[in-house]
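Enquirer: Data: model.json, JSON, C-alpha atoms.
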[["chain", "number", "residue", "atom", "x", "y", "z"],
["H", 1, "MET", "CA", 2.72, -15.21, -6.06],
["H", 2, "SER", "CA", 4.32, -18.09, -4.20],
["H", 3, "GLY", "CA", 2.62, -20.44, -1.77],
["H", 4, "ALA", "CA", 4.45, -18.91, 1.19],
["H", 5, "ILE", "CA", 2.82, -15.53, 0.58],
["H", 6, "LYS", "CA", -0.62, -17.13, 0.22],
["H", 7, "ARG", "CA", -0.18, -18.75, 3.64],
["H", 8, "LEU", "CA", 0.60, -15.43, 5.36],
["H", 9, "VAL", "CA", -2.63, -13.59, 6.18],
["H", 10, "PRO", "CA", -2.15, -10.24, 7.94],
["H", 11, "LEU", "CA", -4.35, -9.65, 10.99],
["H", 12, "PHE", "CA", -6.71, -6.75, 11.61],
["H", 13, "ASP", "CA", -5.66, -3.61, 9.71],
["H", 14, "ARG", "CA", -2.21, -4.87, 8.68],
["H", 15, "VAL", "CA", -1.05, -4.73, 5.05],
["H", 16, "LEU", "CA", 1.79, -6.82, 3.54],
["H", 17, "ILE", "CA", 3.78, -4.80, 1.01],
["H", 18, "LYS", "CA", 6.55, -5.68, -1.43],
["H", 19, "LYS", "CA", 8.74, -2.60, -1.77],
["H", 20, "ALA", "CA", 9.65, -1.39, -5.25],
["H", 21, "GLU", "CA", 13.11, -2.10, -6.64],
["H", 22, "ALA", "CA", 15.75, 0.58, -6.18],
["H", 23, "ILE", "CA", 17.04, 2.25, -9.33],
["H", 24, "THR", "CA", 20.61, 0.97, -9.79],
["H", 25, "LYS", "CA", 21.39, 2.41, -13.25],
["H", 26, "THR", "CA", 20.70, 5.72, -14.96],
["H", 27, "LYS", "CA", 19.16, 5.90, -18.43],
["H", 28, "GLY", "CA", 22.66, 6.46, -19.79],
["H", 29, "GLY", "CA", 23.90, 3.21, -18.21],
["H", 30, "ILE", "CA", 25.85, 4.65, -15.29],
["H", 31, "VAL", "CA", 25.73, 2.41, -12.23],
["H", 32, "ILE", "CA", 24.56, 4.22, -9.08],
["H", 33, "PRO", "CA", 26.42, 3.22, -5.90],
["H", 34, "GLU", "CA", 24.32, 1.72, -3.12],
["H", 35, "LYS", "CA", 24.91, 4.64, -0.74],
["H", 36, "ALA", "CA", 23.77, 7.16, -3.36],
["H", 37, "GLN", "CA", 20.50, 5.36, -4.07],
["H", 38, "GLY", "CA", 17.45, 7.00, -2.56],
["H", 39, "LYS", "CA", 15.08, 5.36, -0.11],
["H", 40, "ILE", "CA", 12.28, 3.31, -1.64],
["H", 41, "LEU", "CA", 9.06, 4.99, -0.60],
["H", 42, "GLN", "CA", 6.54, 3.03, -2.63],
["H", 43, "GLY", "CA", 5.47, -0.57, -2.92],
["H", 44, "THR", "CA", 2.80, -3.00, -4.09],
["H", 45, "VAL", "CA", 0.16, -4.42, -1.77],
["H", 46, "VAL", "CA", 0.52, -8.22, -1.63],
["H", 47, "ALA", "CA", -1.98, -9.14, 1.11],
["H", 48, "VAL", "CA", -4.41, -7.33, 3.41],
["H", 49, "GLY", "CA", -6.06, -8.21, 6.69],
["H", 50, "PRO", "CA", -9.82, -8.21, 7.28],
["H", 51, "GLY", "CA", -9.79, -4.74, 8.89],
["H", 52, "GLN", "CA", -10.07, -3.19, 12.33],
["H", 53, "ARG", "CA", -12.88, -4.49, 14.54],
["H", 54, "LYS", "CA", -15.79, -2.36, 15.70],
["H", 55, "ASP", "CA", -17.34, -2.71, 19.15],
["H", 56, "ASP", "CA", -20.09, -4.95, 17.73],
["H", 57, "GLY", "CA", -17.51, -7.38, 16.28],
["H", 58, "SER", "CA", -17.87, -6.43, 12.61],
["H", 59, "HIS", "CA", -14.86, -5.31, 10.57],
["H", 60, "ILE", "CA", -14.11, -1.90, 9.08],
["H", 61, "PRO", "CA", -12.96, -2.62, 5.49],
["H", 62, "LEU", "CA", -9.51, -1.44, 4.40],
["H", 63, "ALA", "CA", -9.04, 1.36, 1.86],
["H", 64, "VAL", "CA", -6.30, -0.52, -0.03],
["H", 65, "LYS", "CA", -6.61, -3.69, -2.11],
["H", 66, "VAL", "CA", -4.17, -6.32, -3.33],
["H", 67, "GLY", "CA", -2.21, -5.14, -6.38],
["H", 68, "GLU", "CA", -2.41, -1.40, -5.66],
["H", 69, "THR", "CA", 0.70, 0.77, -5.49],
["H", 70, "VAL", "CA", 1.01, 2.78, -2.28],
["H", 71, "LEU", "CA", 3.24, 5.50, -0.83],
["H", 72, "LEU", "CA", 5.09, 4.52, 2.34],
["H", 73, "PRO", "CA", 6.62, 6.50, 5.19],
["H", 74, "GLU", "CA", 10.41, 6.78, 5.34],
["H", 75, "TYR", "CA", 10.55, 4.85, 8.61],
["H", 76, "GLY", "CA", 8.29, 2.20, 10.07],
["H", 77, "GLY", "CA", 6.86, -1.16, 9.17],
["H", 78, "THR", "CA", 8.11, -4.58, 10.13],
["H", 79, "LYS", "CA", 10.44, -6.46, 7.79],
["H", 80, "VAL", "CA", 9.23, -10.00, 7.01],
["H", 81, "GLU", "CA", 11.37, -12.64, 5.28],
["H", 82, "ILE", "CA", 9.10, -15.04, 3.40],
["H", 83, "GLU", "CA", 11.20, -15.74, 0.31],
["H", 84, "GLU", "CA", 14.91, -15.38, -0.26],
["H", 85, "ASN", "CA", 16.10, -12.14, -1.93],
["H", 86, "VAL", "CA", 12.62, -10.55, -1.70],
["H", 87, "GLU", "CA", 11.86, -7.94, 0.96],
["H", 88, "TYR", "CA", 8.33, -7.69, 2.37],
["H", 89, "HIS", "CA", 7.11, -5.28, 5.05],
["H", 90, "LEU", "CA", 4.03, -5.25, 7.28],
["H", 91, "TYR", "CA", 2.40, -1.86, 7.85],
["H", 92, "ARG", "CA", -0.76, -0.75, 9.60],
["H", 93, "GLU", "CA", -3.25, 0.75, 7.18],
["H", 94, "THR", "CA", -3.02, 4.07, 9.03],
["H", 95, "ASP", "CA", 0.77, 4.21, 8.36],
["H", 96, "ILE", "CA", 0.29, 4.14, 4.58],
["H", 97, "LEU", "CA", 0.47, 7.68, 3.20],
["H", 98, "GLY", "CA", -1.56, 7.27, 0.00],
["H", 99, "LYS", "CA", -2.39, 5.29, -3.13],
["H", 100, "LEU", "CA", -0.86, 5.91, -6.55],
["H", 101, "SER", "CA", -3.30, 5.75, -9.45],
["H", 102, "ALA", "CA", -2.27, 4.45, -12.86]]
Take the structure in this file and express it as structure tokens.

Expert:
Amino acid sequence: MSGAIKRLVPLFDRVLIKKAEAITKTKGGIVIPEKAQGKILQGTVVAVGPGQRKDDGSHIPLAVKVGETVLLPEYGGTKVEIEENVEYHLYRETDILGKLSA
């Protein structure tokens, strides 16, 4: 993880996610055109915020942790450019659909 990512700390219940790479070749070696590639609906959690605040000022902990693989909605999130050629997105924890177990 680069220094730029370490400097970005999401606020409240935000989660920074690096989307998975799109499949560009089949097992047989056929190159899939960009328009035929499906949407990437999963990613890896890179950074998490402290959580939503309660009325007393304490934080509600997030259900996801750094390094976990999560399912994402088809639309939503905010694209963030931290490094060149790497796409990161900020999502609210409530927008994440689920976690994938190993």

Enquirer: Find the distance between atom CA of H:Arg53 and atom CA of H:Leu11 and write it in Å to one decimal.

Expert: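 It comes out at 10.6 Å.
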
Enquirer: Hey, can you pull every residue with an atom no more than 6 Å from (0.5, -8.1, 8.7), using all atoms listed in the file, and send it as a ChimeraX atom specification?

Expert: /H:10-11,14-16,90

Enquirer: Can you tell me, as a compact mmCIF listing (two decimals) with C-alpha atoms, in the coordinates of the input, what residues are no more than 10 Å from H:Ala20 when counting only C-alpha atoms, ignoring any on the same chain fewer than 4 positions away?

Expert:
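Saved file result33.txt follows:
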# COMPACT_ATOMS: atom_id res chain seq x y z
CA ILE H 40 12.28 3.31 -1.64
CA LEU H 41 9.06 4.99 -0.60
CA GLN H 42 6.54 3.03 -2.63
CA GLY H 43 5.47 -0.57 -2.92
CA THR H 44 2.80 -3.00 -4.09
CA THR H 69 0.70 0.77 -5.49
CA GLU H 87 11.86 -7.94 0.96
CA TYR H 88 8.33 -7.69 2.37

Enquirer: Could you check which residues have any atom within 8 Å of (-12.8, -2.7, 6.3), counting only C-alpha atoms with coordinates taken straight from the file, and then list them as a PDB file with C-alpha atoms, in the frame of the given file?

Expert:
ATOM      1  CA  ASP H  13      -5.660  -3.610   9.710  1.00  0.00           C
ATOM      2  CA  PRO H  50      -9.820  -8.210   7.280  1.00  0.00           C
ATOM      3  CA  GLY H  51      -9.790  -4.740   8.890  1.00  0.00           C
ATOM      4  CA  GLN H  52     -10.070  -3.190  12.330  1.00  0.00           C
ATOM      5  CA  HIS H  59     -14.860  -5.310  10.570  1.00  0.00           C
ATOM      6  CA  ILE H  60     -14.110  -1.900   9.080  1.00  0.00           C
ATOM      7  CA  PRO H  61     -12.960  -2.620   5.490  1.00  0.00           C
ATOM      8  CA  LEU H  62      -9.510  -1.440   4.400  1.00  0.00           C
ATOM      9  CA  ALA H  63      -9.040   1.360   1.860  1.00  0.00           C
TER      10      ALA H  63
END

Enquirer: Have a look at atom CA of H:Thr94 and atom CA of H:Val66 and let me know their distance in Å, one decimal.

Expert: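 Computing the Euclidean distance for atom CA of H:Thr94 and atom CA of H:Val66 yields 16.2 Å.
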
Enquirer: Quick one: everything within 7 Å of H:Val9, counting all atoms listed in the file, minus sequence neighbours fewer than 2 positions away in the same chain. Send it as JSON, numbers by chain.

Expert: {"H": [7, 11, 47, 49]}

Enquirer: Measure the distance from atom CA of H:Gly98 to atom CA of H:Glu68 in Å and round it to one decimal.

Expert: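 Atom-to-atom, atom CA of H:Gly98 to atom CA of H:Glu68, that is 10.4 Å.
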